[in-house]
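Worksheet: one structure, shown below.
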Amino acid sequence: MNGAFAKTFKSGLQPVEITSALRRELDTKAVVVARDRILVPNKFTVRLSRSDYDRMADLGPTLVDELIQQVQRHATAQHYAFAGGISVKLKADENLGVGSIEIDSVNVKGSVAWTPVLDVNGKRHPITKSRTIIGRGSDADITVDDTGISRKHVEILWDGTRGQVNDLGSTNGSKLNGNPVHKAPLEPDSLIEIGRTRILFRVLAQSADADQLSDLRTDDDGRNG
């Protein structure tokens, strides 16, 4: 997270500060409901000053996806449980000063939408089909400018709950988590390497019921930033 947006924000409020605030919110609101179950909020509204909000909004849904991923990772590390999918929303608060962050969180029961994404050389590509081909050719679903990979190098399969990577007979081969691979299941946070290209497979546990921000430029009051 610290490096993902470092070039975008060289000064002022950093996205990593929002991540830290979300982690603190999880730790503060954690409730032990059983010996092996610690329940934490899963719906977050992050309130920022108008200027900070406008700067964060330039990143669009990518930032929200990254924040959700960081919340999910922290919860896994601390053995926290959610009642439903994770929802993170950014909102401008005219009463807050620059650099201030306030978080409102609630526990909302609901269904989870497992959203797979591919981070290819730092650029995020949501997986929207059951088969996604990555390669150098223009007919690939994700085209990568890398002379070390084939026109159709690998395919990523997604059946709604599980992922799989298949090498498509490429010239230079593929690696999964550092090891040569021809065909293998994909676990969340798996790293695929083809040529000089690094592909990170992630699965975000998003809320299927909450209205995720598809456009961070729109506030609750309907005003555009």
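In the structure tokens, chains take the letters A, B, ... in the order shown, each chain's residues start at 1, and ligands count up from 1 in the order shown.
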Residues near Ser105 of chain A, cut-off 9 Å, only C-alpha atoms, skip fewer than 2 positions along chain, as a list of chain:residue names: A:Glu25, A:Leu26, A:Lys29, A:Pro41, A:Asn42, A:Lys43, A:Phe44, A:Thr45, A:Val46, A:Ile103, A:Asn107
Can you spit out the residues from that selection as an mmCIF file, in the first residue's frame, using all heavy atoms?
```cif
data_model
loop_
_atom_site.group_PDB
_atom_site.id
_atom_site.type_symbol
_atom_site.label_atom_id
_atom_site.label_comp_id
_atom_site.auth_asym_id
_atom_site.auth_seq_id
_atom_site.Cartn_x
_atom_site.Cartn_y
_atom_site.Cartn_z
ATOM 1 N N GLU A 25 -9.412 0.917 13.653
ATOM 2 C CA GLU A 25 -10.861 0.775 13.838
ATOM 3 C C GLU A 25 -11.236 -0.682 14.061
ATOM 4 O O GLU A 25 -12.072 -1.007 14.915
ATOM 5 C CB GLU A 25 -11.588 1.333 12.607
ATOM 6 C CG GLU A 25 -13.108 1.377 12.727
ATOM 7 C CD GLU A 25 -13.610 2.445 13.679
ATOM 8 O OE1 GLU A 25 -12.793 3.280 14.129
ATOM 9 O OE2 GLU A 25 -14.825 2.441 13.971
ATOM 10 N N LEU A 26 -10.633 -1.583 13.312
ATOM 11 C CA LEU A 26 -10.884 -3.012 13.501
ATOM 12 C C LEU A 26 -10.472 -3.445 14.905
ATOM 13 O O LEU A 26 -11.229 -4.134 15.605
ATOM 14 C CB LEU A 26 -10.109 -3.827 12.467
ATOM 15 C CG LEU A 26 -10.610 -3.818 11.022
ATOM 16 C CD1 LEU A 26 -9.641 -4.579 10.131
ATOM 17 C CD2 LEU A 26 -12.002 -4.419 10.914
ATOM 18 N N LYS A 29 -12.845 -1.946 17.648
ATOM 19 C CA LYS A 29 -14.228 -2.424 17.644
ATOM 20 C C LYS A 29 -14.346 -3.952 17.722
ATOM 21 O O LYS A 29 -15.464 -4.484 17.691
ATOM 22 C CB LYS A 29 -14.940 -1.933 16.378
ATOM 23 C CG LYS A 29 -15.059 -0.412 16.282
ATOM 24 C CD LYS A 29 -16.016 0.137 17.308
ATOM 25 C CE LYS A 29 -16.186 1.645 17.148
ATOM 26 N NZ LYS A 29 -16.855 2.016 15.882
ATOM 27 N N PRO A 41 -16.357 -4.888 12.643
ATOM 28 C CA PRO A 41 -17.220 -4.228 11.647
ATOM 29 C C PRO A 41 -16.793 -4.568 10.223
ATOM 30 O O PRO A 41 -15.628 -4.886 9.974
ATOM 31 C CB PRO A 41 -17.015 -2.735 11.941
ATOM 32 C CG PRO A 41 -16.514 -2.681 13.338
ATOM 33 C CD PRO A 41 -15.690 -3.920 13.535
ATOM 34 N N ASN A 42 -17.736 -4.484 9.310
ATOM 35 C CA ASN A 42 -17.419 -4.775 7.913
ATOM 36 C C ASN A 42 -17.856 -3.666 6.952
ATOM 37 O O ASN A 42 -17.616 -3.741 5.757
ATOM 38 C CB ASN A 42 -18.050 -6.102 7.471
ATOM 39 C CG ASN A 42 -19.561 -6.082 7.561
ATOM 40 O OD1 ASN A 42 -20.129 -5.577 8.526
ATOM 41 N ND2 ASN A 42 -20.231 -6.656 6.570
ATOM 42 N N LYS A 43 -18.502 -2.621 7.491
ATOM 43 C CA LYS A 43 -18.908 -1.491 6.653
ATOM 44 C C LYS A 43 -18.289 -0.224 7.220
ATOM 45 O O LYS A 43 -18.536 0.132 8.370
ATOM 46 C CB LYS A 43 -20.433 -1.366 6.595
ATOM 47 C CG LYS A 43 -20.913 -0.262 5.665
ATOM 48 C CD LYS A 43 -22.427 -0.257 5.541
ATOM 49 C CE LYS A 43 -22.892 0.817 4.569
ATOM 50 N NZ LYS A 43 -24.376 0.813 4.433
ATOM 51 N N PHE A 44 -17.474 0.458 6.403
ATOM 52 C CA PHE A 44 -16.712 1.605 6.876
ATOM 53 C C PHE A 44 -16.990 2.831 6.017
ATOM 54 O O PHE A 44 -17.006 2.746 4.781
ATOM 55 C CB PHE A 44 -15.207 1.308 6.819
ATOM 56 C CG PHE A 44 -14.802 0.063 7.551
ATOM 57 C CD1 PHE A 44 -14.817 -1.172 6.910
ATOM 58 C CD2 PHE A 44 -14.407 0.109 8.878
ATOM 59 C CE1 PHE A 44 -14.444 -2.334 7.562
ATOM 60 C CE2 PHE A 44 -14.031 -1.045 9.549
ATOM 61 C CZ PHE A 44 -14.055 -2.265 8.896
ATOM 62 N N THR A 45 -17.196 3.968 6.679
ATOM 63 C CA THR A 45 -17.254 5.255 5.999
ATOM 64 C C THR A 45 -16.062 6.071 6.484
ATOM 65 O O THR A 45 -15.947 6.374 7.674
ATOM 66 C CB THR A 45 -18.555 6.015 6.312
ATOM 67 O OG1 THR A 45 -19.681 5.235 5.865
ATOM 68 C CG2 THR A 45 -18.575 7.371 5.612
ATOM 69 N N VAL A 46 -15.159 6.375 5.574
ATOM 70 C CA VAL A 46 -13.941 7.116 5.902
ATOM 71 C C VAL A 46 -14.175 8.585 5.557
ATOM 72 O O VAL A 46 -14.343 8.931 4.377
ATOM 73 C CB VAL A 46 -12.732 6.569 5.125
ATOM 74 C CG1 VAL A 46 -11.463 7.351 5.478
ATOM 75 C CG2 VAL A 46 -12.540 5.090 5.405
ATOM 76 N N ILE A 103 -13.462 7.715 11.088
ATOM 77 C CA ILE A 103 -14.085 6.533 10.509
ATOM 78 C C ILE A 103 -15.336 6.161 11.286
ATOM 79 O O ILE A 103 -15.316 6.077 12.511
ATOM 80 C CB ILE A 103 -13.105 5.342 10.500
ATOM 81 C CG1 ILE A 103 -11.894 5.667 9.606
ATOM 82 C CG2 ILE A 103 -13.797 4.072 10.008
ATOM 83 C CD1 ILE A 103 -10.858 4.573 9.544
ATOM 84 N N ASN A 107 -21.461 -3.109 11.863
ATOM 85 C CA ASN A 107 -21.460 -4.527 11.527
ATOM 86 C C ASN A 107 -22.751 -4.834 10.785
ATOM 87 O O ASN A 107 -23.837 -4.733 11.349
ATOM 88 C CB ASN A 107 -21.363 -5.362 12.807
ATOM 89 C CG ASN A 107 -20.681 -6.691 12.567
ATOM 90 O OD1 ASN A 107 -20.888 -7.310 11.533
ATOM 91 N ND2 ASN A 107 -19.882 -7.128 13.525
#
```
message: Just list as an MDAnalysis selection string whatever in segment 12-221 of chain A DSSP marks as strand (DSSP E or B).
response: chainID A and resid 31:34 37:39 43:48 80:81 86:92 101:106 112:120 123:126 131:135 142:143 154:158 163:167 174:176 179:181 183:186 190:194 197:207 218
File dump, residues just selected, C-alpha atoms, as a PDB file, in the first residue's frame:
```pdb
ATOM      1  CA  VAL A  31     -15.701  -8.088  20.039  1.00  0.00           C
ATOM      2  CA  VAL A  32     -15.171 -11.648  21.279  1.00  0.00           C
ATOM      3  CA  VAL A  33     -18.440 -13.509  20.660  1.00  0.00           C
ATOM      4  CA  ALA A  34     -17.067 -17.033  21.153  1.00  0.00           C
ATOM      5  CA  ARG A  37     -14.735 -16.005  16.938  1.00  0.00           C
ATOM      6  CA  ILE A  38     -13.821 -12.316  17.166  1.00  0.00           C
ATOM      7  CA  LEU A  39     -16.336 -10.165  15.311  1.00  0.00           C
ATOM      8  CA  LYS A  43     -18.908  -1.491   6.653  1.00  0.00           C
ATOM      9  CA  PHE A  44     -16.712   1.605   6.876  1.00  0.00           C
ATOM     10  CA  THR A  45     -17.254   5.255   5.999  1.00  0.00           C
ATOM     11  CA  VAL A  46     -13.941   7.116   5.902  1.00  0.00           C
ATOM     12  CA  ARG A  47     -14.447  10.859   6.344  1.00  0.00           C
ATOM     13  CA  LEU A  48     -11.760  13.220   5.037  1.00  0.00           C
ATOM     14  CA  TYR A  80     -11.065 -11.539  13.028  1.00  0.00           C
ATOM     15  CA  ALA A  81     -14.407 -12.512  11.497  1.00  0.00           C
ATOM     16  CA  ILE A  86     -16.438  -5.628   3.352  1.00  0.00           C
ATOM     17  CA  SER A  87     -17.559  -2.186   2.226  1.00  0.00           C
ATOM     18  CA  VAL A  88     -15.358   0.934   2.304  1.00  0.00           C
ATOM     19  CA  LYS A  89     -16.676   4.340   1.298  1.00  0.00           C
ATOM     20  CA  LEU A  90     -14.844   7.665   1.202  1.00  0.00           C
ATOM     21  CA  LYS A  91     -16.750  10.833   2.048  1.00  0.00           C
ATOM     22  CA  ALA A  92     -15.841  14.521   2.198  1.00  0.00           C
ATOM     23  CA  ILE A 101      -9.341  11.083   9.264  1.00  0.00           C
ATOM     24  CA  GLU A 102     -12.483   9.933  11.024  1.00  0.00           C
ATOM     25  CA  ILE A 103     -14.085   6.533  10.509  1.00  0.00           C
ATOM     26  CA  ASP A 104     -17.655   5.413  11.128  1.00  0.00           C
ATOM     27  CA  SER A 105     -18.075   1.642  11.158  1.00  0.00           C
ATOM     28  CA  VAL A 106     -20.953  -0.793  11.618  1.00  0.00           C
ATOM     29  CA  VAL A 112     -20.155 -11.758   0.248  1.00  0.00           C
ATOM     30  CA  ALA A 113     -19.173 -11.158  -3.367  1.00  0.00           C
ATOM     31  CA  TRP A 114     -15.742 -12.660  -4.020  1.00  0.00           C
ATOM     32  CA  THR A 115     -14.213 -10.301  -6.576  1.00  0.00           C
ATOM     33  CA  PRO A 116     -11.032 -11.532  -8.314  1.00  0.00           C
ATOM     34  CA  VAL A 117      -8.532  -9.017  -9.679  1.00  0.00           C
ATOM     35  CA  LEU A 118      -5.172  -9.158 -11.420  1.00  0.00           C
ATOM     36  CA  ASP A 119      -2.486  -6.584 -10.642  1.00  0.00           C
ATOM     37  CA  VAL A 120      -0.288  -6.569 -13.753  1.00  0.00           C
ATOM     38  CA  LYS A 123      -2.151  -1.856 -12.889  1.00  0.00           C
ATOM     39  CA  ARG A 124      -5.373  -3.469 -11.680  1.00  0.00           C
ATOM     40  CA  HIS A 125      -7.616  -5.528 -13.972  1.00  0.00           C
ATOM     41  CA  PRO A 126     -10.877  -6.927 -12.541  1.00  0.00           C
ATOM     42  CA  ARG A 131     -11.353 -17.142 -19.002  1.00  0.00           C
ATOM     43  CA  THR A 132      -8.847 -14.290 -19.245  1.00  0.00           C
ATOM     44  CA  ILE A 133      -5.872 -14.536 -21.594  1.00  0.00           C
ATOM     45  CA  ILE A 134      -2.724 -12.532 -20.929  1.00  0.00           C
ATOM     46  CA  GLY A 135      -0.064 -12.034 -23.577  1.00  0.00           C
ATOM     47  CA  ILE A 142      -4.880  -8.220 -21.216  1.00  0.00           C
ATOM     48  CA  THR A 143      -2.107  -7.071 -23.546  1.00  0.00           C
ATOM     49  CA  VAL A 154      -1.156 -17.680 -19.928  1.00  0.00           C
ATOM     50  CA  GLU A 155      -4.845 -17.923 -19.160  1.00  0.00           C
ATOM     51  CA  ILE A 156      -6.554 -17.273 -15.841  1.00  0.00           C
ATOM     52  CA  LEU A 157      -9.701 -19.303 -15.182  1.00  0.00           C
ATOM     53  CA  TRP A 158     -12.318 -18.247 -12.612  1.00  0.00           C
ATOM     54  CA  GLY A 163      -8.963 -19.527  -9.764  1.00  0.00           C
ATOM     55  CA  GLN A 164      -6.539 -21.446 -11.960  1.00  0.00           C
ATOM     56  CA  VAL A 165      -3.550 -20.520 -14.128  1.00  0.00           C
ATOM     57  CA  ASN A 166      -2.611 -22.385 -17.310  1.00  0.00           C
ATOM     58  CA  ASP A 167       0.492 -21.782 -19.426  1.00  0.00           C
ATOM     59  CA  SER A 174       5.689 -19.241 -16.640  1.00  0.00           C
ATOM     60  CA  LYS A 175       6.302 -19.245 -12.900  1.00  0.00           C
ATOM     61  CA  LEU A 176       3.902 -19.389  -9.974  1.00  0.00           C
ATOM     62  CA  ASN A 179       8.314 -22.193  -9.373  1.00  0.00           C
ATOM     63  CA  PRO A 180       7.768 -23.272 -13.014  1.00  0.00           C
ATOM     64  CA  VAL A 181       4.095 -23.895 -13.730  1.00  0.00           C
ATOM     65  CA  LYS A 183      -1.308 -25.753 -14.782  1.00  0.00           C
ATOM     66  CA  ALA A 184      -2.145 -25.033 -11.134  1.00  0.00           C
ATOM     67  CA  PRO A 185      -4.857 -23.667  -8.826  1.00  0.00           C
ATOM     68  CA  LEU A 186      -4.498 -20.039  -7.785  1.00  0.00           C
ATOM     69  CA  SER A 190      -0.415 -15.760  -5.750  1.00  0.00           C
ATOM     70  CA  LEU A 191       2.385 -14.267  -7.886  1.00  0.00           C
ATOM     71  CA  ILE A 192       2.626 -15.240 -11.551  1.00  0.00           C
ATOM     72  CA  GLU A 193       5.763 -14.294 -13.497  1.00  0.00           C
ATOM     73  CA  ILE A 194       5.943 -14.274 -17.291  1.00  0.00           C
ATOM     74  CA  THR A 197       6.009  -9.142 -16.041  1.00  0.00           C
ATOM     75  CA  ARG A 198       4.702  -9.776 -12.534  1.00  0.00           C
ATOM     76  CA  ILE A 199       1.010 -10.628 -12.086  1.00  0.00           C
ATOM     77  CA  LEU A 200      -0.551 -10.685  -8.630  1.00  0.00           C
ATOM     78  CA  PHE A 201      -3.829 -12.593  -8.254  1.00  0.00           C
ATOM     79  CA  ARG A 202      -6.078 -11.252  -5.513  1.00  0.00           C
ATOM     80  CA  VAL A 203      -9.600 -12.008  -4.323  1.00  0.00           C
ATOM     81  CA  LEU A 204     -11.481  -9.208  -2.577  1.00  0.00           C
ATOM     82  CA  ALA A 205     -14.278 -10.078  -0.123  1.00  0.00           C
ATOM     83  CA  GLN A 206     -16.599  -7.240  -1.056  1.00  0.00           C
ATOM     84  CA  SER A 207     -20.157  -6.692   0.087  1.00  0.00           C
ATOM     85  CA  THR A 218     -19.879  11.540  -5.982  1.00  0.00           C
TER      86      THR A 218
END
```
Per DSSP on the backbone, filter segment 19-193 of chain A down to the residues in helix (DSSP H, G or I) and report them as a short mmCIF file (atom, residue, chain, number, x, y, z; two decimals) with C-alpha atoms, in the first residue's frame.
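Output (selection_10.cif):
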```
data_model
loop_
_atom_site.label_atom_id
_atom_site.label_comp_id
_atom_site.auth_asym_id
_atom_site.auth_seq_id
_atom_site.Cartn_x
_atom_site.Cartn_y
_atom_site.Cartn_z
CA THR A 19 -5.07 1.96 5.97
CA SER A 20 -3.63 2.50 9.46
CA ALA A 21 -6.84 4.20 10.59
CA LEU A 22 -8.93 1.29 9.29
CA ARG A 23 -6.71 -1.21 11.12
CA ARG A 24 -7.11 0.74 14.36
CA GLU A 25 -10.86 0.77 13.84
CA LEU A 26 -10.88 -3.01 13.50
CA ASP A 27 -8.77 -3.46 16.63
CA THR A 28 -10.86 -1.00 18.65
CA LYS A 29 -14.23 -2.42 17.64
CA ARG A 50 -12.63 18.21 1.18
CA SER A 51 -9.12 18.72 -0.25
CA ASP A 52 -7.90 15.28 0.91
CA TYR A 53 -11.03 13.66 -0.47
CA ASP A 54 -10.56 15.33 -3.85
CA ARG A 55 -6.97 14.07 -4.05
CA MET A 56 -7.96 10.51 -3.12
CA ALA A 57 -10.89 10.60 -5.56
CA PRO A 61 -12.26 2.57 -7.47
CA THR A 62 -8.67 1.25 -7.41
CA LEU A 63 -8.09 2.92 -4.05
CA VAL A 64 -11.27 1.45 -2.55
CA ASP A 65 -10.28 -2.02 -3.78
CA GLU A 66 -6.86 -1.63 -2.18
CA LEU A 67 -8.34 -0.46 1.12
CA ILE A 68 -10.68 -3.45 1.18
CA GLN A 69 -7.74 -5.75 0.52
CA GLN A 70 -5.77 -4.23 3.41
CA VAL A 71 -8.75 -4.58 5.79
CA GLN A 72 -9.13 -8.20 4.73
CA ARG A 73 -5.42 -8.92 5.29
CA HIS A 74 -5.39 -7.36 8.75
CA ALA A 75 -8.49 -9.29 9.77
CA THR A 76 -6.94 -12.55 8.57
CA ALA A 77 -3.71 -11.87 10.48
CA GLN A 78 -5.63 -11.10 13.68
#
```
message: With distances taken over only C-alpha atoms, which residue among A:Gly60, A:Gly110, A:Gly195, A:Gly99 lies nearest Ser150 of chain A?
response: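 Closest to Ser150 of chain A, using only C-alpha atoms: A:Gly195.
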